[in-house]
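S.K.: For reference, the file structure30.txt (compact mmCIF, C-alpha atoms) is included below:
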```txt
# COMPACT_ATOMS: atom_id res chain seq x y z
CA MET A 22 0.62 -0.13 17.92
CA SER A 23 0.49 0.02 14.11
CA LEU A 24 -3.21 0.90 14.18
CA ALA A 25 -2.69 3.52 16.87
CA ARG A 26 0.12 5.17 14.89
CA ALA A 27 -1.51 4.61 11.49
CA GLN A 28 1.79 3.17 10.28
CA TYR A 29 2.60 -0.20 8.80
CA TYR A 30 4.71 -2.37 11.12
CA ALA A 31 5.06 0.24 13.87
CA HIS A 32 5.73 -2.23 16.69
CA PRO A 33 9.50 -2.26 17.32
CA GLN A 34 9.54 -6.06 17.64
CA ASN A 35 8.01 -6.57 14.20
CA GLN A 36 10.84 -7.52 11.86
CA PHE A 37 9.35 -6.13 8.63
CA TRP A 38 11.68 -3.14 8.29
CA ARG A 39 14.79 -5.19 9.10
CA LEU A 40 13.72 -7.87 6.61
CA MET A 41 13.17 -5.29 3.90
CA GLU A 42 16.63 -3.86 4.62
CA THR A 43 18.06 -7.24 3.66
CA VAL A 44 15.96 -7.23 0.48
CA ILE A 45 16.83 -3.76 -0.81
CA ASP A 46 20.27 -3.52 0.85
CA ALA A 47 19.53 -0.10 2.31
CA ASP A 48 18.75 1.35 5.74
CA LEU A 49 15.09 1.60 6.71
CA ALA A 50 14.88 1.10 10.48
CA GLY A 51 16.90 4.25 11.15
CA LEU A 52 14.58 6.45 9.09
CA ALA A 53 11.39 8.28 9.95
CA TYR A 54 8.26 6.47 8.75
CA GLU A 55 7.61 8.66 5.69
CA ALA A 56 11.25 8.30 4.63
CA ARG A 57 10.96 4.51 4.98
CA LEU A 58 7.98 4.49 2.64
CA ALA A 59 9.77 6.74 0.16
CA ARG A 60 12.84 4.51 0.20
CA LEU A 61 10.73 1.42 -0.46
CA LEU A 62 9.08 3.14 -3.42
CA LYS A 63 12.47 4.18 -4.74
CA HIS A 64 13.38 0.49 -4.73
CA GLY A 65 10.19 -0.49 -6.54
CA VAL A 66 8.37 -1.76 -3.46
CA GLY A 67 4.92 -0.63 -2.40
CA LEU A 68 2.85 -1.54 0.67
CA TRP A 69 -0.82 -2.46 0.58
CA ASP A 70 -3.03 -3.89 3.29
CA VAL A 71 -5.19 -6.73 2.00
CA VAL A 72 -7.63 -6.11 4.87
CA GLY A 73 -9.79 -3.01 4.64
CA GLN A 74 -11.77 -3.68 7.82
CA ALA A 75 -12.01 -6.54 10.27
CA ARG A 76 -12.57 -7.51 13.87
CA ARG A 77 -9.45 -8.59 15.69
CA PRO A 78 -9.25 -8.97 19.43
CA GLY A 79 -5.57 -8.53 20.20
CA SER A 80 -2.81 -8.31 17.63
CA LEU A 81 -2.53 -11.86 16.26
CA ASP A 82 -3.47 -12.32 12.61
CA GLY A 83 -5.11 -15.61 13.50
CA ALA A 84 -7.72 -13.64 15.44
CA ILE A 85 -8.86 -11.65 12.38
CA ARG A 86 -12.61 -12.11 11.81
CA GLU A 87 -15.33 -10.54 9.70
CA VAL A 88 -12.91 -9.40 7.02
CA THR A 89 -13.78 -6.82 4.43
CA PRO A 90 -10.84 -6.97 2.01
CA ASN A 91 -9.28 -4.03 0.25
CA ALA A 92 -9.74 -4.05 -3.52
CA LEU A 93 -6.41 -5.71 -4.33
CA ALA A 94 -7.31 -6.80 -7.87
CA GLU A 95 -8.52 -3.33 -8.78
CA PHE A 96 -5.41 -1.75 -7.27
CA ALA A 97 -3.08 -4.19 -9.05
CA ALA A 98 -4.81 -3.39 -12.34
CA THR A 99 -3.62 0.23 -11.99
CA LEU A 100 0.02 -0.91 -11.85
CA PRO A 101 1.10 -2.02 -15.34
CA ALA A 102 4.71 -2.62 -14.26
CA LEU A 103 3.71 -4.86 -11.33
CA ARG A 104 5.78 -8.05 -11.40
CA ALA A 105 5.00 -9.66 -8.05
CA VAL A 106 2.70 -9.50 -5.05
CA ALA A 107 4.22 -10.72 -1.81
CA PHE A 108 2.11 -11.54 1.22
CA ASN A 109 3.52 -11.05 4.71
CA GLY A 110 2.27 -14.20 6.42
CA LEU A 111 -0.22 -16.96 5.73
CA LYS A 112 -3.31 -14.97 6.76
CA ALA A 113 -2.46 -12.14 4.35
CA ALA A 114 -1.82 -14.70 1.60
CA ALA A 115 -5.15 -16.42 2.25
CA ILE A 116 -7.09 -13.15 2.19
CA GLY A 117 -5.18 -11.49 -0.62
CA SER A 118 -4.94 -14.38 -3.05
CA LYS A 119 -8.73 -14.79 -2.94
CA GLN A 120 -9.03 -11.23 -4.26
CA LEU A 121 -7.05 -11.96 -7.40
CA PRO A 122 -8.31 -13.64 -10.57
CA ALA A 123 -7.08 -17.14 -11.44
CA ASP A 124 -5.23 -15.76 -14.48
CA PHE A 125 -3.39 -13.07 -12.46
CA ALA A 126 -0.07 -12.60 -14.26
CA PRO A 127 2.31 -11.21 -11.60
CA VAL A 128 4.03 -13.74 -9.36
CA LEU A 129 2.39 -14.40 -5.99
CA ILE A 130 4.79 -14.92 -3.10
CA SER A 131 3.81 -16.08 0.38
CA LEU A 132 6.42 -15.06 2.96
CA PRO A 133 6.85 -16.04 6.60
CA SER A 134 5.28 -13.41 8.80
CA SER A 135 7.48 -10.61 10.08
CA SER A 136 5.52 -10.67 13.32
CA PRO A 137 7.40 -11.58 16.50
CA ALA A 138 4.56 -14.06 17.15
CA HIS A 139 5.93 -16.08 14.22
CA THR A 140 8.92 -17.50 16.07
CA MET A 141 11.03 -18.53 13.08
CA ALA A 142 14.60 -17.28 13.48
CA PHE A 143 15.33 -13.96 11.78
CA ALA A 144 18.02 -15.52 9.55
CA ARG A 145 15.52 -18.07 8.21
CA LYS A 146 12.93 -15.37 7.59
CA ALA A 147 15.53 -13.24 5.80
CA GLN A 148 16.48 -16.20 3.64
CA ALA A 149 12.84 -16.67 2.61
CA TRP A 150 12.34 -12.95 2.02
CA ALA A 151 15.46 -12.86 -0.20
CA VAL A 152 13.26 -14.01 -3.10
CA LEU A 153 12.04 -10.41 -3.28
CA ARG A 154 15.49 -9.21 -4.35
CA GLY A 155 14.75 -10.37 -7.88
CA PHE A 156 11.76 -8.03 -8.03
CA SER A 157 13.08 -4.93 -6.26
CA ASN A 158 15.29 -2.23 -7.68
CA ARG A 159 18.36 -2.97 -5.57
CA THR A 160 20.50 -0.62 -7.66
CA ALA A 161 18.66 2.48 -6.41
CA ASN A 162 20.93 4.67 -4.30
CA GLY A 163 20.09 4.68 -0.59
```
Please go through the file and, once you have read it, give me the structure as structure tokens.
M.R.:
Amino acid sequence: MSLARAQYYAHPQNQFWRLMETVIDADLAGLAYEARLARLLKHGVGLWDVVGQARRPGSLDGAIREVTPNALAEFAATLPALRAVAFNGLKAAAIGSKQLPADFAPVLISLPSSSPAHTMAFARKAQAWAVLRGFSNRTANG
């Protein structure tokens, strides 16, 4: 669904937007997609896909094959105020962390996947994702 809509986390069962609401303490799920992105940016959060191209039968991250990664290190180098890179799930962490140099200064955070296929209870996911609060601008209005 996300690929078809060209939107991050478009499937209604994916918990990403609800999890980020708990991080930034602001509504996201009730907004149009472009407004969601703008609100994240206002709170100092950007989205980046570590996978540029891949083969993936179905929607499970575990099925991702033949990965061509996006240039994460090059992108991060353009962000002098970057303090952390958080990966949504183990597959993203495995792919993304390989793209970064060993002396990468920002904090790397591996989070439980927001996918409904990762059956951890929402409250436990939200507790793990709460670490992002220390890196976001939670004082931004709205």
S.K.: What's the separation between CA of Leu153 (chain A) and CA of Phe108 (chain A), in Å to one decimal place?
M.R.: 11.0 Å
S.K.: May I ask which of the residues A:Leu121, A:Leu40, A:Val152, A:Ala59 is the closest one to Ala94 (chain A), counting only C-alpha atoms?
M.R.: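 Among A:Leu121, A:Leu40, A:Val152, A:Ala59, it is A:Leu121 that comes nearest to Ala94 (chain A).
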S.K.: So that I can check the surroundings of Ser118 (chain A), please list as a PyMOL selection string every protein, DNA and RNA residue that reaches within 12 Å of it, counting all atoms listed in the file and ignoring chain neighbours fewer than 4 positions away.
M.R.: chain A and resi 71-72+90-94+97+106-114+122-125+127-131
S.K.: Have a look at CA of Ala105 (chain A) and CA of Ala151 (chain A) and let me know their distance in Å, one decimal.
M.R.: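 Computing the Euclidean distance for CA of Ala105 (chain A) and CA of Ala151 (chain A) yields 13.5 Å.
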S.K.: Determine the nearest neighbour of Ala147 (chain A) from the options A:Thr99, A:Asn35, A:Thr89, A:Thr43, counting all atoms listed in the file.
M.R.: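 Of A:Thr99, A:Asn35, A:Thr89, A:Thr43, the one nearest Ala147 (chain A) is A:Thr43, counting all atoms listed in the file.
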S.K.: Would you work out the distance separating CA of Arg154 (chain A) from CA of Ala47 (chain A), expressed in Å to one decimal?
M.R.: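 Calculated distance between CA of Arg154 (chain A) and CA of Ala47 (chain A) is 12.0 Å.
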S.K.: Looking at A:Pro133, A:Pro33, A:Gly117, A:Gly65, which one is nearest to Ile45 (chain A), with distances taken over all atoms listed in the file?
M.R.: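 Selected residue with least distance to Ile45 (chain A): A:Gly65.
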S.K.: Residues around (14.9, -15.3, 7.0), cut-off 10 Å, counting only C-alpha atoms - what are they as JSON, numbers by chain?
M.R.: {"A": [40, 43, 132, 133, 134, 135, 141, 142, 143, 144, 145, 146, 147, 148, 149, 150, 151]}
S.K.: Would you mind telling me which residue in A:Leu100, A:Leu58, A:Leu49, A:Val44 lies nearest to Asn158 (chain A) when using all atoms listed in the file?
M.R.: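 For Asn158 (chain A), the nearest of the given residues is A:Val44.
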S.K.: Any idea what's packed within 7 Å of Trp38 (chain A), counting all atoms listed in the file, ignoring anything in its chain fewer than 3 positions away? Could you give it as a PyMOL selection string?
M.R.: chain A and resi 41-42+49-50
